[in-house]
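J.: Have a look at the structure that comes next, please.
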Amino acid sequence: MNASPARLFIVSSRLPIRIRSTGKGLEVLPSTGELVSAITGFLRRMVASGSPKFTEVGWTGAARCSAAAWTGIRSQLPDSVYSYYPVFPSEKDYESWHQGFANSVLWPLFHYFPSYAEFSSGNYEQYFQVNQEFADTMERYLRPNDTVWIHDYLLLPLAAMLRKKFPDLTIGFFLHIPFPSYEVFRQMPRKWQEEILAGMLGADLVGFQTRDYAAHFLQCVRLVMGVDNYGGTIANNDRLVKTGLFPVSIDFEMFNQARETPELRTLMGNMRSKFEGRKIIFSVDRLDYTKGLIHRIKAYERFIVDNPDFQGKVVFIFVIIPSRDTLTRYAERKRLIDETISTVNGRIGSISWQPFVYIYSHLEFDELITLYRVCDLALITPLRDGMNLIAKEFAASRRDGKGVLVLSELAGASRELETALITNPNDIEEMAKMIRVGLQMPLEEQSHRILAMQEKVKQHDLTAWGNDFLATLRAANDEQRNFQVRFFDMYSQRRLLEAYRHARRRLILLDYDGTLIPFFNLPSLAEPNDLLLEILGNLAGNKKNSIYIVSGRDSATLEKWLGHLPVNLISEHGACFRFEGRQWKDAAEPAAKWKDYILPLMEFYAKKCPGAFIELKSFSIVWHYRNAKQDRAGQIKMELYADLCERATRADLQVMMGNKIIEVRNKGADKGTAIRNILKDEEQDFILAIGDDHTDEDMFRILAGLETAFTIKVGSEGSFAQYNIHTPQMVVSLLGNLNFLGEKAGRQGG
């Protein structure tokens with residue numbers, strides 16, 4: 001029976017329509033906001049291009065809209081290409097989820113306002129409970145091969161919840177707001193940190209607006225979860241999680257090609273007539289402390305005071321979109337804005353001129369387009385913003401090639417709109433100077449800057465954003481299939497043995513600890529036994545074979561244990577090497593040059609963790625905790641790891657978590673680099689690579705595309721290796737079979 005076709009589910013906190021309670025019952029209205037506009041605009045474009053229908057999941061916008069009430073109003077829903085699956089949290093749950101945790105903890109922390117965060121374990125638990133309601137609602141409709149695209153900070157845990165129910169789902173998550181640095185993120189209780197990150201890691205792809213936000217997320221995953229990444233890809237719980245940059249955009253054509261209807265021409269004519277002879281500055285933003293509205297007011301006031309020649313010749317149309325003004329903090333901010341604008345108008349203005357035209361209201365589309373196209377300067381200076389689509393809308397709207405954008409460097413849009421006048425939103429004096437520069441900018445320069453911004457927005461519009469994310473999600477899902485546990489069965493073993501038998505030139509790459517020899521409590525006890533030495537010696541004695549031991553062990557130990565064999569030795573993950581019959585050569589800077597910077601910290605944590613000990617190597621320092629009580633070591637290792645990462649960043653070192661070890665070494669000395677060098681120098685038609693931990697994943701990834709390569713992971717974890725094998729004893733048995741084949745072929749003259 002053929003599998004059902006994959007479907008796309010879009011999940012956000014709200015549906016694109018909202019239900020409002022009135023005295024006459026419930027009515028259906030369109031939802032508003034940047035997130036809704038972005039998603040709806042993209043889906044509208046996709047349907048217009050012939051894509052299949054989509055399903056949207058979210059809250060209805062009305063706490064009193066029950067499942068029964070929803071059924072009753074379905075006839076009022078607008079004709080749409082979308083299907084709607086509503087979620088119905090109770091009024092109490094909604095408050096704890098939306099206002100109580102998402103907007104009282106996550107919003108301020110993620111926007112770098114930690115003093116505004118209000119920590120409540122009850123609200124945190126309800127936040128997870130509502131996410132569970134989303135998962136339970138979707139469980140009734142999902143099929144294993146569906147694709148789910150989750151949006152924003154209200155649904156951080158949802159991906160892991162869905163993954164638990166449907167392990168084979170393709171799940172993408174996109175964060176529309178910033179992701180904070182580790183120093184800010186860690187202000188949450190550790191349990192919250194771990195559970196929120198674990199929730200996000202349930203996705204196949206986690207998308208961010210800028211490179212900074214992605215880097216902060218990867219840092220938090222490394223320091224909180226102890227999970228490193230390779231080029232932005234995280235290997236976690238037998239799964240791969242990719243991260244990527246997908247700056248959200250706008251429907252360029254909608255703003256650039258907006259028809260000048262009679263109504264719009266009238267609005268624009270009235271605006272120009274009303275402010276004839278005056279320069280117009282314009283800004284529009286939601287009422288929110290992250291938007292820097294007071295700073296904007298003060299910067300404009302400073303500009304007027306410092307430039308008296310502009311008094312009476314400029315006006316600032318200052319629009320605030322109502323948002324959360326029933327909350328105390330927002331109501332207080334509105335009152336402060338009202339008072340500040342009133343004071344400035346009263347102190348600087350006159351009977352014939354008011355510096356500010358203050359509007360506290362929603363704008364219709366024609367009103368917004370009018371202000372975008374008529375103003376001389378748009379002042380968009382949030383204190384922190386994930387992207388800021390207003391800046392892109394303004395640039396797209398200026399068909400006349402005129403107008404100046406003054407943009408905050410702390411808005412994600414500043415990474416793309418580089419020809420705007422970029423300013424620091426906390427620097428009142430600099431913003432005031434930028435206003436003057438913008439108002440005096442020659443038309444030729446205005447045109448050059450605006451057209452450059454338009455080209456960037458046109459190329460990376462809303463459709464490109466959504467298509468790029470979904471294409472990357474599909475590719476991540478394909479890569480996920482290569483990162484699995486496939487045990488080395490009899491059929492696979494026969495394939496390998498047959499390829500080995502027919503090969504003319506063979507390359508065999510072997511890790512040591514955990515691969516050829518089991519782990520011991522003391523590293524010095526892991527000496528090779530006679531059987532292993534005999535098998536390695538015989539394999540290396542075959543002229544068709546080239547054997548490399550690629551280990552984390554130090555050079556002296558490898559030389560002592562294996563130096564008498566005709567094998568090539570690579571020590572400390574590639575920091576030093578000795579090819580057969582030659583001297584050892586260094587490929588990295590000795591640890592002695594930076595030992596005193598790292599060793600005291602490791603010693604401090606070893607004292608805190610009985611059973612932990614330190615191993616000094618020539619090119620690295622290793623903190624072992626195999627002999628410590630694991631419940632005690634679990635917390636201490638993460639503290640040490642975080643402190644080491646901070647120091648390593650300043651010293652250009654690498655911190656690596658292995659099998660019950662933490663190792664510090666030089667950057668650039670790794671197994672991946674070593675393997676690339678070997679492949680350059682060796683010609684082969686058969687490759688076998690075997691290893692047991694994440695340091696070997698570099699080797700497996702490099703060999704993944706080679707038809708002649710067989711890669712094996714020792715253990716039951718997910719890997720880029722083609723196969724998994726249970727124990728080092730099974731590895732030795734496999735090598736023994738290869739040795740037998742070689743001897744047999746030699747006896748037969750093959």
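Residues are referred to by chain and number: the chain letter is A, B, ... according to the order shown in the structure tokens, the number counts from 1 in that chain, and ligands are numbered separately from 1 in the order shown.
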Using only C-alpha atoms, determine which residues lie at most 9 Å from Leu142 (chain A), disregarding the query and same-chain residues fewer than 4 positions distant; provide the list as a list in words.
T.: Arg7, Phe9, Met138, Asp146, Phe166 and Leu169 of chain A
J.: List every residue of region 535-650 of chain A that DSSP, applied to the backbone of this structure, places in strand (DSSP E or B), and write the result as number ranges by chain.
T.: A: 545-550, 568-571, 576-578, 585-586, 613-616, 620-624
J.: Counting only C-alpha atoms, what are the residues of region 275-324 of chain A within 10 Å of region 398-411 of chain A, and for each of them which pair of atoms is the nearest and at what distance in Å, to one decimal? Sort the table by chain and rising number, as a Markdown table.
T.:
| residue | atom | partner | partner_atom | distance |
| --- | --- | --- | --- | --- |
| A:Ile280 | CA | A:Gly403 | CA | 9.9 |
| A:Ile281 | CA | A:Val404 | CA | 9.4 |
| A:Phe282 | CA | A:Leu405 | CA | 9.8 |
| A:Lys291 | CA | A:Ala411 | CA | 9.7 |
| A:Gly292 | CA | A:Ser408 | CA | 9.7 |
J.: Give me a file of those residues, with all heavy atoms, as a PDB file, in the first residue's frame.
T.:
ATOM      1  N   ILE A 280       9.371  65.509   6.888  1.00  0.00           N
ATOM      2  CA  ILE A 280       8.564  64.577   7.683  1.00  0.00           C
ATOM      3  C   ILE A 280       9.430  63.402   8.134  1.00  0.00           C
ATOM      4  O   ILE A 280      10.037  62.711   7.312  1.00  0.00           O
ATOM      5  CB  ILE A 280       7.361  64.047   6.882  1.00  0.00           C
ATOM      6  CG1 ILE A 280       6.447  65.193   6.464  1.00  0.00           C
ATOM      7  CG2 ILE A 280       6.584  63.012   7.694  1.00  0.00           C
ATOM      8  CD1 ILE A 280       5.315  64.761   5.540  1.00  0.00           C
ATOM      9  N   ILE A 281       9.500  63.224   9.437  1.00  0.00           N
ATOM     10  CA  ILE A 281      10.117  62.028  10.023  1.00  0.00           C
ATOM     11  C   ILE A 281       8.976  61.119  10.457  1.00  0.00           C
ATOM     12  O   ILE A 281       7.955  61.585  10.969  1.00  0.00           O
ATOM     13  CB  ILE A 281      11.006  62.398  11.236  1.00  0.00           C
ATOM     14  CG1 ILE A 281      12.137  63.332  10.802  1.00  0.00           C
ATOM     15  CG2 ILE A 281      11.575  61.146  11.898  1.00  0.00           C
ATOM     16  CD1 ILE A 281      12.946  63.889  11.965  1.00  0.00           C
ATOM     17  N   PHE A 282       9.151  59.828  10.269  1.00  0.00           N
ATOM     18  CA  PHE A 282       8.064  58.889  10.586  1.00  0.00           C
ATOM     19  C   PHE A 282       8.616  57.679  11.316  1.00  0.00           C
ATOM     20  O   PHE A 282       9.700  57.184  11.021  1.00  0.00           O
ATOM     21  CB  PHE A 282       7.379  58.442   9.288  1.00  0.00           C
ATOM     22  CG  PHE A 282       6.407  57.308   9.462  1.00  0.00           C
ATOM     23  CD1 PHE A 282       5.305  57.434  10.305  1.00  0.00           C
ATOM     24  CD2 PHE A 282       6.590  56.106   8.788  1.00  0.00           C
ATOM     25  CE1 PHE A 282       4.410  56.393  10.462  1.00  0.00           C
ATOM     26  CE2 PHE A 282       5.689  55.064   8.934  1.00  0.00           C
ATOM     27  CZ  PHE A 282       4.598  55.205   9.781  1.00  0.00           C
ATOM     28  N   LYS A 291      11.339  48.457  22.072  1.00  0.00           N
ATOM     29  CA  LYS A 291      11.362  49.268  20.852  1.00  0.00           C
ATOM     30  C   LYS A 291      12.129  50.577  20.991  1.00  0.00           C
ATOM     31  O   LYS A 291      12.345  51.277  19.998  1.00  0.00           O
ATOM     32  CB  LYS A 291       9.929  49.560  20.388  1.00  0.00           C
ATOM     33  CG  LYS A 291       9.104  48.306  20.080  1.00  0.00           C
ATOM     34  CD  LYS A 291       9.752  47.438  19.021  1.00  0.00           C
ATOM     35  CE  LYS A 291       8.897  46.222  18.674  1.00  0.00           C
ATOM     36  NZ  LYS A 291       9.548  45.351  17.676  1.00  0.00           N
ATOM     37  N   GLY A 292      12.524  50.928  22.212  1.00  0.00           N
ATOM     38  CA  GLY A 292      13.313  52.147  22.384  1.00  0.00           C
ATOM     39  C   GLY A 292      12.557  53.410  22.055  1.00  0.00           C
ATOM     40  O   GLY A 292      13.136  54.371  21.529  1.00  0.00           O
TER      41      GLY A 292
END
J.: Excluding Arg701 (chain A) and any residue of its chain fewer than 6 positions from it, enumerate the residues within 9 Å of it, using only C-alpha atoms, and give them as an MDAnalysis selection string.
T.: chainID A and resid 672 720:721
J.: My list of candidates is A:Ala575, A:Val457, A:Val732, A:Leu421. Which is closest to Pro528 (chain A) when distances are computed with only C-alpha atoms?
T.: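 Checking each candidate against Pro528 (chain A), we get A:Val732 as the closest.
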J.: Applying 8 Å and only C-alpha atoms, which residues near Val284 (chain A) remain after dropping the ones on its own chain fewer than 5 positions away? List them as a PyMOL selection string.
T.: chain A and resi 318-321+380+390
J.: With only C-alpha atoms as the basis for distance, which of A:Gly199, A:Arg436, A:Ser13, A:Thr243 is at the shortest distance from Asp309 (chain A)?
T.: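 Answer, going by the shortest atom-to-atom distance: A:Arg436.
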J.: As number ranges by chain, please: every residue in region 538-715 of chain A that DSSP puts in helix (DSSP H, G or I).
T.: A: 538-541, 555-562, 572-574, 591-593, 595-608, 630-651, 671-681, 694-703
J.: Could you turn the residues from that selection into a file that holds C-alpha atoms, as a PDB file, in the first residue's frame?
T.:
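And here's selection_37.pdb as it stands now:
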ATOM      1  CA  ASN A 538      49.676  -9.631  10.397  1.00  0.00           C
ATOM      2  CA  LEU A 539      47.321  -7.086   8.799  1.00  0.00           C
ATOM      3  CA  ALA A 540      50.111  -4.527   8.568  1.00  0.00           C
ATOM      4  CA  GLY A 541      52.451  -7.155   7.150  1.00  0.00           C
ATOM      5  CA  SER A 555      52.800   9.615  21.423  1.00  0.00           C
ATOM      6  CA  ALA A 556      54.931   7.941  24.112  1.00  0.00           C
ATOM      7  CA  THR A 557      52.182   5.461  25.006  1.00  0.00           C
ATOM      8  CA  LEU A 558      51.421   4.569  21.387  1.00  0.00           C
ATOM      9  CA  GLU A 559      55.140   4.146  20.707  1.00  0.00           C
ATOM     10  CA  LYS A 560      55.551   1.898  23.737  1.00  0.00           C
ATOM     11  CA  TRP A 561      52.539  -0.308  22.964  1.00  0.00           C
ATOM     12  CA  LEU A 562      52.446  -0.329  19.146  1.00  0.00           C
ATOM     13  CA  GLU A 572      46.324  13.067  20.400  1.00  0.00           C
ATOM     14  CA  HIS A 573      43.611  13.233  17.720  1.00  0.00           C
ATOM     15  CA  GLY A 574      46.024  14.389  15.019  1.00  0.00           C
ATOM     16  CA  ALA A 591      50.418  22.075  25.602  1.00  0.00           C
ATOM     17  CA  ALA A 592      53.328  23.367  27.684  1.00  0.00           C
ATOM     18  CA  LYS A 593      52.798  26.817  26.140  1.00  0.00           C
ATOM     19  CA  LYS A 595      49.228  24.492  30.327  1.00  0.00           C
ATOM     20  CA  ASP A 596      49.455  27.007  33.187  1.00  0.00           C
ATOM     21  CA  TYR A 597      46.373  28.784  31.842  1.00  0.00           C
ATOM     22  CA  ILE A 598      44.171  25.659  31.905  1.00  0.00           C
ATOM     23  CA  LEU A 599      45.641  23.252  34.456  1.00  0.00           C
ATOM     24  CA  PRO A 600      44.771  25.182  37.680  1.00  0.00           C
ATOM     25  CA  LEU A 601      41.111  25.263  36.681  1.00  0.00           C
ATOM     26  CA  MET A 602      41.056  21.510  36.068  1.00  0.00           C
ATOM     27  CA  GLU A 603      42.808  20.888  39.384  1.00  0.00           C
ATOM     28  CA  PHE A 604      40.228  23.001  41.209  1.00  0.00           C
ATOM     29  CA  TYR A 605      37.356  20.964  39.780  1.00  0.00           C
ATOM     30  CA  ALA A 606      39.180  17.665  40.371  1.00  0.00           C
ATOM     31  CA  LYS A 607      39.253  18.509  44.097  1.00  0.00           C
ATOM     32  CA  LYS A 608      35.508  19.167  44.010  1.00  0.00           C
ATOM     33  CA  GLN A 630      28.327   9.992  38.180  1.00  0.00           C
ATOM     34  CA  ASP A 631      25.504  11.857  39.918  1.00  0.00           C
ATOM     35  CA  ARG A 632      28.081  14.135  41.524  1.00  0.00           C
ATOM     36  CA  ALA A 633      30.244  14.374  38.403  1.00  0.00           C
ATOM     37  CA  GLY A 634      27.283  15.271  36.188  1.00  0.00           C
ATOM     38  CA  GLN A 635      26.886  18.796  37.551  1.00  0.00           C
ATOM     39  CA  ILE A 636      30.582  19.446  38.140  1.00  0.00           C
ATOM     40  CA  LYS A 637      31.600  18.435  34.604  1.00  0.00           C
ATOM     41  CA  MET A 638      29.165  20.984  33.152  1.00  0.00           C
ATOM     42  CA  GLU A 639      30.512  23.739  35.406  1.00  0.00           C
ATOM     43  CA  LEU A 640      34.072  22.867  34.382  1.00  0.00           C
ATOM     44  CA  TYR A 641      33.074  22.646  30.721  1.00  0.00           C
ATOM     45  CA  ALA A 642      31.493  26.107  30.802  1.00  0.00           C
ATOM     46  CA  ASP A 643      34.545  27.649  32.503  1.00  0.00           C
ATOM     47  CA  LEU A 644      36.946  25.910  30.116  1.00  0.00           C
ATOM     48  CA  CYS A 645      34.995  27.080  27.066  1.00  0.00           C
ATOM     49  CA  GLU A 646      35.230  30.665  28.286  1.00  0.00           C
ATOM     50  CA  ARG A 647      38.998  30.419  28.747  1.00  0.00           C
ATOM     51  CA  ALA A 648      39.537  28.458  25.551  1.00  0.00           C
ATOM     52  CA  THR A 649      37.807  31.135  23.474  1.00  0.00           C
ATOM     53  CA  ARG A 650      40.330  33.712  24.647  1.00  0.00           C
ATOM     54  CA  ALA A 651      43.297  31.394  24.016  1.00  0.00           C
ATOM     55  CA  LYS A 671      41.070  13.496  13.308  1.00  0.00           C
ATOM     56  CA  GLY A 672      39.254  15.090  10.397  1.00  0.00           C
ATOM     57  CA  THR A 673      42.340  17.065   9.372  1.00  0.00           C
ATOM     58  CA  ALA A 674      44.532  13.999   9.834  1.00  0.00           C
ATOM     59  CA  ILE A 675      42.247  11.852   7.662  1.00  0.00           C
ATOM     60  CA  ARG A 676      42.167  14.437   4.873  1.00  0.00           C
ATOM     61  CA  ASN A 677      45.966  14.429   4.786  1.00  0.00           C
ATOM     62  CA  ILE A 678      46.060  10.628   4.667  1.00  0.00           C
ATOM     63  CA  LEU A 679      43.577  10.522   1.770  1.00  0.00           C
ATOM     64  CA  LYS A 680      45.772  12.940  -0.187  1.00  0.00           C
ATOM     65  CA  ASP A 681      48.796  10.703   0.167  1.00  0.00           C
ATOM     66  CA  HIS A 694      32.230  11.821  18.600  1.00  0.00           C
ATOM     67  CA  THR A 695      35.884  12.611  17.790  1.00  0.00           C
ATOM     68  CA  ASP A 696      35.588   9.887  15.147  1.00  0.00           C
ATOM     69  CA  GLU A 697      32.550  11.515  13.526  1.00  0.00           C
ATOM     70  CA  ASP A 698      34.909  13.864  11.664  1.00  0.00           C
ATOM     71  CA  MET A 699      36.431  10.768  10.063  1.00  0.00           C
ATOM     72  CA  PHE A 700      33.048   9.222   9.254  1.00  0.00           C
ATOM     73  CA  ARG A 701      31.727  12.415   7.644  1.00  0.00           C
ATOM     74  CA  ILE A 702      34.773  12.788   5.403  1.00  0.00           C
ATOM     75  CA  LEU A 703      34.471   9.199   4.203  1.00  0.00           C
TER      76      LEU A 703
END
